[in-house]
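Colleague: One file: run-v9.csv (CSV, C-alpha atoms).
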chain,number,residue,atom,x,y,z
J,310,MET,CA,0.0,0.0,0.0
J,311,LYS,CA,2.8,2.4,0.9
J,312,SER,CA,4.5,1.7,-2.5
J,313,VAL,CA,1.2,2.6,-4.3
J,314,ILE,CA,1.0,5.9,-2.4
J,315,VAL,CA,4.6,6.7,-3.2
J,316,ILE,CA,4.0,6.0,-6.9
J,317,VAL,CA,0.8,8.2,-6.9
J,318,ILE,CA,2.7,11.0,-5.2
J,319,ILE,CA,5.6,10.8,-7.7
J,320,LEU,CA,3.2,10.7,-10.7
J,321,GLY,CA,1.3,13.7,-9.2
J,322,VAL,CA,4.6,15.7,-8.8
J,323,LEU,CA,5.6,14.8,-12.4
J,324,ALA,CA,2.2,15.9,-13.7
J,325,LEU,CA,2.5,19.2,-11.9
J,326,LEU,CA,6.1,19.7,-13.2
J,327,PHE,CA,4.8,18.9,-16.7
J,328,ILE,CA,2.1,21.5,-16.5
J,329,LEU,CA,4.5,24.1,-15.1
J,330,VAL,CA,7.1,23.5,-17.9
J,331,ILE,CA,4.4,23.7,-20.6
J,332,ASN,CA,3.0,26.9,-19.1
J,333,LEU,CA,6.4,28.5,-19.0
J,334,ARG,CA,6.9,27.5,-22.7
J,335,VAL,CA,3.5,29.0,-23.7
J,336,THR,CA,3.9,32.2,-21.7
J,337,SER,CA,7.3,32.8,-23.2
J,338,TYR,CA,5.6,33.7,-26.5
J,339,SER,CA,4.1,36.7,-24.9
J,340,THR,CA,7.3,38.2,-23.6
J,341,ASN,CA,7.7,41.8,-24.7
J,342,LYS,CA,4.6,41.4,-26.9
J,343,THR,CA,1.8,42.6,-24.6
J,344,TYR,CA,0.6,46.1,-24.0
J,345,THR,CA,-1.6,47.6,-21.3
J,346,ASN,CA,-1.5,51.2,-22.7
J,347,ILE,CA,-2.9,51.7,-26.2
J,348,GLU,CA,-0.6,54.6,-26.8
J,349,ASN,CA,2.4,52.3,-26.6
J,350,VAL,CA,1.1,49.9,-29.2
J,351,PRO,CA,3.1,50.1,-32.4
J,352,SER,CA,1.4,51.8,-35.3
J,353,GLU,CA,1.7,49.1,-37.9
J,354,ASN,CA,-0.4,47.5,-40.6
J,355,ARG,CA,-2.3,45.2,-38.3
J,356,ILE,CA,-5.8,43.9,-37.8
J,357,ALA,CA,-7.2,43.7,-34.3
J,358,ILE,CA,-8.6,40.2,-33.5
J,359,VAL,CA,-11.1,40.7,-30.8
J,360,LEU,CA,-11.8,37.3,-29.2
J,361,GLY,CA,-15.3,36.3,-28.2
J,362,ALA,CA,-16.6,35.7,-24.7
J,363,ARG,CA,-19.9,35.1,-22.9
J,364,VAL,CA,-23.2,36.7,-24.0
J,365,TRP,CA,-26.0,37.0,-21.5
J,366,GLU,CA,-29.3,35.3,-22.0
J,367,ASP,CA,-30.9,38.7,-22.9
J,368,GLY,CA,-28.4,39.1,-25.8
J,369,SER,CA,-26.2,41.7,-24.1
J,370,ALA,CA,-22.4,41.4,-23.8
J,371,SER,CA,-20.9,40.2,-20.6
J,372,ASN,CA,-18.4,42.5,-18.9
J,373,THR,CA,-15.6,40.4,-20.2
J,374,LEU,CA,-16.9,40.7,-23.8
J,375,TYR,CA,-17.8,44.4,-23.5
J,376,ASP,CA,-14.2,45.2,-22.4
J,377,ARG,CA,-12.7,43.3,-25.3
J,378,VAL,CA,-14.8,45.1,-27.8
J,379,PHE,CA,-14.3,48.5,-26.2
J,380,THR,CA,-10.5,48.0,-26.2
J,381,GLY,CA,-10.6,46.9,-29.9
J,382,VAL,CA,-12.6,50.0,-30.7
J,383,GLU,CA,-10.1,52.2,-28.8
J,384,LEU,CA,-7.3,50.6,-30.9
J,385,TYR,CA,-9.2,51.4,-34.0
J,386,LYS,CA,-9.9,55.0,-33.0
J,387,ALA,CA,-6.3,55.5,-32.1
J,388,GLY,CA,-5.1,54.4,-35.5
J,389,LYS,CA,-3.4,51.3,-34.1
J,390,ALA,CA,-5.8,48.9,-35.9
J,391,ARG,CA,-7.0,49.3,-39.5
J,392,LYS,CA,-10.0,46.9,-39.1
J,393,LEU,CA,-11.5,44.7,-36.4
J,394,LEU,CA,-12.0,40.9,-36.8
J,395,LEU,CA,-14.6,39.9,-34.3
J,396,SER,CA,-14.2,36.2,-33.7
J,397,GLY,CA,-16.3,33.9,-31.6
J,398,GLY,CA,-19.0,31.2,-31.6
J,399,ASN,CA,-22.8,31.3,-31.9
J,400,GLU,CA,-24.2,34.7,-31.3
J,401,GLU,CA,-21.0,36.3,-30.0
J,402,PRO,CA,-19.8,38.0,-33.3
J,403,ALA,CA,-23.2,39.6,-34.0
J,404,VAL,CA,-23.4,41.0,-30.5
J,405,MET,CA,-19.8,42.2,-30.8
J,406,LYS,CA,-20.4,43.9,-34.1
J,407,LYS,CA,-23.5,45.7,-32.8
J,408,LEU,CA,-21.6,47.0,-29.9
J,409,ALA,CA,-18.6,48.0,-32.0
J,410,ILE,CA,-20.9,50.0,-34.3
J,411,GLU,CA,-22.5,51.7,-31.4
J,412,LEU,CA,-19.1,52.7,-30.1
J,413,GLY,CA,-18.2,54.3,-33.4
J,414,VAL,CA,-16.6,51.8,-35.8
J,415,PRO,CA,-18.0,52.0,-39.3
J,416,ASP,CA,-19.6,48.8,-40.6
J,417,GLU,CA,-17.1,48.5,-43.5
J,418,ASP,CA,-14.2,48.2,-41.1
J,419,ILE,CA,-15.7,45.3,-39.2
J,420,VAL,CA,-15.3,41.6,-40.2
J,421,THR,CA,-17.1,38.9,-38.2
J,422,ASP,CA,-16.1,35.2,-37.9
J,423,ASP,CA,-18.7,33.0,-36.2
J,424,LEU,CA,-16.6,29.9,-36.6
J,425,GLY,CA,-14.1,31.0,-34.0
J,426,LEU,CA,-15.5,28.5,-31.5
J,427,ARG,CA,-12.2,28.3,-29.6
J,428,THR,CA,-9.0,30.4,-29.5
J,429,TYR,CA,-7.4,27.7,-31.7
J,430,GLU,CA,-10.0,28.2,-34.4
J,431,SER,CA,-9.9,32.0,-34.2
J,432,CYS,CA,-6.1,31.9,-34.8
J,433,ILE,CA,-6.0,29.3,-37.6
J,434,ARG,CA,-8.8,30.9,-39.4
J,435,ALA,CA,-7.1,34.3,-39.1
J,436,LYS,CA,-4.2,32.8,-41.0
J,437,GLN,CA,-5.9,30.4,-43.4
J,438,VAL,CA,-9.2,32.1,-44.2
J,439,PHE,CA,-8.5,35.8,-43.7
J,440,GLU,CA,-4.8,35.6,-44.8
J,441,MET,CA,-3.5,37.7,-41.9
J,442,ASP,CA,0.3,37.9,-41.4
J,443,LYS,CA,0.1,40.4,-38.5
J,444,ALA,CA,-2.4,40.9,-35.8
J,445,ILE,CA,-3.2,42.6,-32.5
J,446,ILE,CA,-4.9,40.1,-30.1
J,447,VAL,CA,-7.4,41.8,-27.9
J,448,THR,CA,-8.4,39.9,-24.7
J,449,GLN,CA,-7.8,39.9,-21.0
J,450,ASN,CA,-4.4,39.4,-19.5
J,451,TYR,CA,-5.0,35.8,-18.3
J,452,HIS,CA,-6.0,34.8,-21.8
J,453,LEU,CA,-3.3,36.7,-23.7
J,454,PRO,CA,-0.3,34.2,-23.3
J,455,ARG,CA,-2.3,31.3,-24.8
J,456,SER,CA,-3.7,33.4,-27.6
J,457,LEU,CA,-0.3,34.8,-28.6
J,458,TYR,CA,1.2,31.3,-28.5
J,459,LEU,CA,-1.4,29.9,-30.8
J,460,CYS,CA,-1.4,32.7,-33.3
J,461,GLN,CA,2.4,33.0,-33.5
J,462,SER,CA,2.7,29.2,-33.8
J,463,MET,CA,0.3,29.4,-36.8
J,464,GLY,CA,2.4,32.0,-38.6
J,465,VAL,CA,0.6,35.2,-37.5
J,466,ASP,CA,3.0,37.8,-36.1
J,467,ALA,CA,0.9,38.8,-33.1
J,468,ILE,CA,1.1,41.2,-30.3
J,469,GLY,CA,-1.4,41.5,-27.5
J,470,VAL,CA,-3.4,44.2,-25.8
J,471,ASP,CA,-4.8,43.6,-22.3
J,472,SER,CA,-8.5,44.4,-22.2
J,473,LYS,CA,-8.9,43.9,-18.5
J,474,LEU,CA,-10.7,47.1,-17.4
J,475,ARG,CA,-12.2,45.8,-14.2
J,476,ASP,CA,-12.4,42.8,-11.9
J,477,TYR,CA,-14.6,40.0,-13.1
J,478,GLU,CA,-16.8,37.5,-11.3
J,479,GLY,CA,-15.0,34.2,-11.2
J,480,GLU,CA,-11.7,35.7,-12.4
J,481,ARG,CA,-9.7,33.4,-10.1
J,482,HIS,CA,-11.3,30.5,-11.9
J,483,PHE,CA,-10.3,32.0,-15.2
J,484,TRP,CA,-6.6,32.1,-14.1
J,485,LEU,CA,-6.6,28.6,-12.9
J,486,ARG,CA,-8.4,27.3,-16.0
J,487,GLU,CA,-5.6,28.8,-18.1
J,488,TYR,CA,-3.0,26.6,-16.7
J,489,ILE,CA,-4.7,23.6,-18.2
J,490,SER,CA,-5.9,25.4,-21.3
J,491,ARG,CA,-2.2,26.3,-22.1
J,492,VAL,CA,-1.3,22.6,-22.0
J,493,LEU,CA,-4.2,21.8,-24.4
J,494,ALA,CA,-3.0,24.6,-26.7
J,495,TRP,CA,0.5,23.2,-26.6
J,496,TYR,CA,-0.9,19.8,-27.5
J,497,ASP,CA,-2.9,21.2,-30.4
J,498,ILE,CA,0.1,22.9,-31.9
J,499,ASN,CA,2.5,20.0,-31.5
J,500,PHE,CA,0.3,16.9,-32.0
J,501,ARG,CA,-2.8,18.0,-33.9
J,502,ALA,CA,-2.7,18.3,-37.7
J,503,PHE,CA,-3.8,21.7,-38.9
J,504,PRO,CA,-6.9,21.6,-41.0
J,505,PRO,CA,-6.4,21.8,-44.8
J,506,GLU,CA,-6.3,25.2,-46.4
J,507,PRO,CA,-9.8,26.3,-47.3
J,508,ILE,CA,-10.6,26.8,-51.0
J,509,GLU,CA,-12.4,30.1,-50.5
J,510,LYS,CA,-10.4,32.8,-48.9
J,511,GLN,CA,-11.6,36.1,-47.4
J,512,PRO,CA,-8.5,38.3,-47.2
J,513,ILE,CA,-9.2,41.3,-45.0
J,514,LEU,CA,-6.4,43.5,-46.5
J,515,ARG,CA,-6.2,43.5,-50.3
Mind turning this structure into structure tokens?
Modeller:
Amino acid sequence: MKSVIVIVIILGVLALLFILVINLRVTSYSTNKTYTNIENVPSENRIAIVLGARVWEDGSASNTLYDRVFTGVELYKAGKARKLLLSGGNEEPAVMKKLAIELGVPDEDIVTDDLGLRTYESCIRAKQVFEMDKAIIVTQNYHLPRSLYLCQSMGVDAIGVDSKLRDYEGERHFWLREYISRVLAWYDINFRAFPPEPIEKQPILR
């Protein structure tokens, strides 16, 4: 019985070490590539990818989603982003677009992608479908390292802007969830075959 307990403890320690190492690997992709002040974001030929988040049952944006869209709009107004790519699943992109227009972005400078069901899909579609080589990822600080890792690993030269404008309910859970999500992202990049290039492209910048 003692030997079984020892083996379980050793395996548990190894699992924790594995998670730690992978997290360090993933977060290294965000070193010197994240910004909290929009004024410091380089003025380059980039599209802002605003990642989706929860929409309430009444069709309104959650605080998390509102802050992402608001930050994307501020980037656009500051001349840091030429267009906004609003990527999410289900009704998220439509809610994001409505909000972005209300905040002052013209319809012609907004592109929606309702097949961005996960961060993985948002990044691979940014590269394969929308033919983006550069991007600004807009999401909260706990989500940025994984997002930057995925996009950069897929060939998108990405920088990130932190859209955390307040404290969120359940934020501690979000941070803890990211430790596992980063391991899954690392698995996707290293062991999952990328989907084939789509026949129909929708390049944002022509």
Colleague: Hey, what's within 8 Å of Ile446 (chain J) if we count only C-alpha atoms and toss same-chain stuff fewer than 3 positions away? As a list in words, please?
Modeller: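 Here the answer would be Ala357, Ile358, Val359, Leu360, Leu453, Ser456, Leu457, Ala467, Ile468, Gly469 and Val470 of chain J.
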Colleague: Please identify all polymer residues within 10 Å of Ala444 (chain J), counting all atoms listed in the file, omitting same-chain residues fewer than 4 positions from it, and present them as a ChimeraX atom specification.
Modeller: /J:353-358,390,393-394,432,435-436,457,460-461,465-469
Colleague: With only C-alpha atoms as the counted atoms, please give the residues lying no more than 7 Å from region 408-417 of chain J, apart from itself and same-chain residues fewer than 3 positions off, as a VMD selection string.
Modeller: chain J and resid 378 382 404 to 405
Colleague: So which one's closest to Thr336 (chain J), J:Thr421, J:Ser490, J:Ser312, J:Asn499? Using all atoms listed in the file, please.
Modeller: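 Closest residue, counting all atoms listed in the file: J:Ser490.
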Colleague: What does the distance between CA of Lys392 (chain J) and CA of Val447 (chain J) come to in Å, to one decimal place?
Modeller: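 Rounded to one decimal, the two atoms are 12.6 Å apart.
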Colleague: So which one's closest to Ser339 (chain J), J:Leu459, J:Ala324, J:Leu384, J:Leu485? Using all atoms listed in the file, please.
Modeller: J:Leu459
Colleague: Between CA of Val364 (chain J) and CA of Glu400 (chain J), what distance in Å does the model show, to one decimal?
Modeller: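 Straight-line distance from CA of Val364 (chain J) to CA of Glu400 (chain J) works out to 7.6 Å.
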Colleague: Rounded to one decimal, what separation in Å do you get between CA of Ser431 (chain J) and CA of Ser396 (chain J)?
Modeller: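 If I compute the distance from CA of Ser431 (chain J) to CA of Ser396 (chain J), I get 6.0 Å.
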Colleague: Just checking: using only C-alpha atoms, which residue out of J:Thr428, J:Thr343, J:Ser352, J:Asn332 ends up closest to Gly397 (chain J)?
Modeller: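 Checking each candidate against Gly397 (chain J), we get J:Thr428 as the closest.
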Colleague: Can you pull out the residues contacting Asp471 (chain J)? Cut-off 7 Å, using all atoms listed in the file, and skip same-chain residues under 6 positions away; I want them as a ChimeraX atom specification.
Modeller: /J:344-345,447-450
Colleague: Nearest to Leu325 (chain J) among J:Ile489, J:Arg481, J:Pro351, J:Gly425, with distances taken over only C-alpha atoms: which residue is it?
Modeller: J:Ile489
Colleague: When you count all atoms listed in the file, which of these residues is closest to Trp495 (chain J): J:Ile347, J:Leu374, J:Val335, J:Ile445?
Modeller: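 Comparing J:Ile347, J:Leu374, J:Val335, J:Ile445 against Trp495 (chain J), the winner is J:Val335.
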Colleague: Determine, counting all atoms listed in the file, which protein, DNA and RNA residues have an atom within 12 Å of an atom of Tyr477 (chain J); residues of the same chain fewer than 4 positions away are not included. Present the result as a list of chain:residue names.
Modeller: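 Once the adjacent positions are removed, what remains is J:Ser371, J:Asn372, J:Thr373, J:Leu374, J:Tyr375, J:Asp376, J:Gln449, J:Tyr451, J:Ser472, J:Lys473, J:Arg481, J:His482, J:Phe483, J:Trp484.
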Colleague: Of the residues J:Leu474, J:Ile419, J:Ile331, J:Leu395, which is the one nearest to Pro454 (chain J), using only C-alpha atoms?
Modeller: J:Ile331
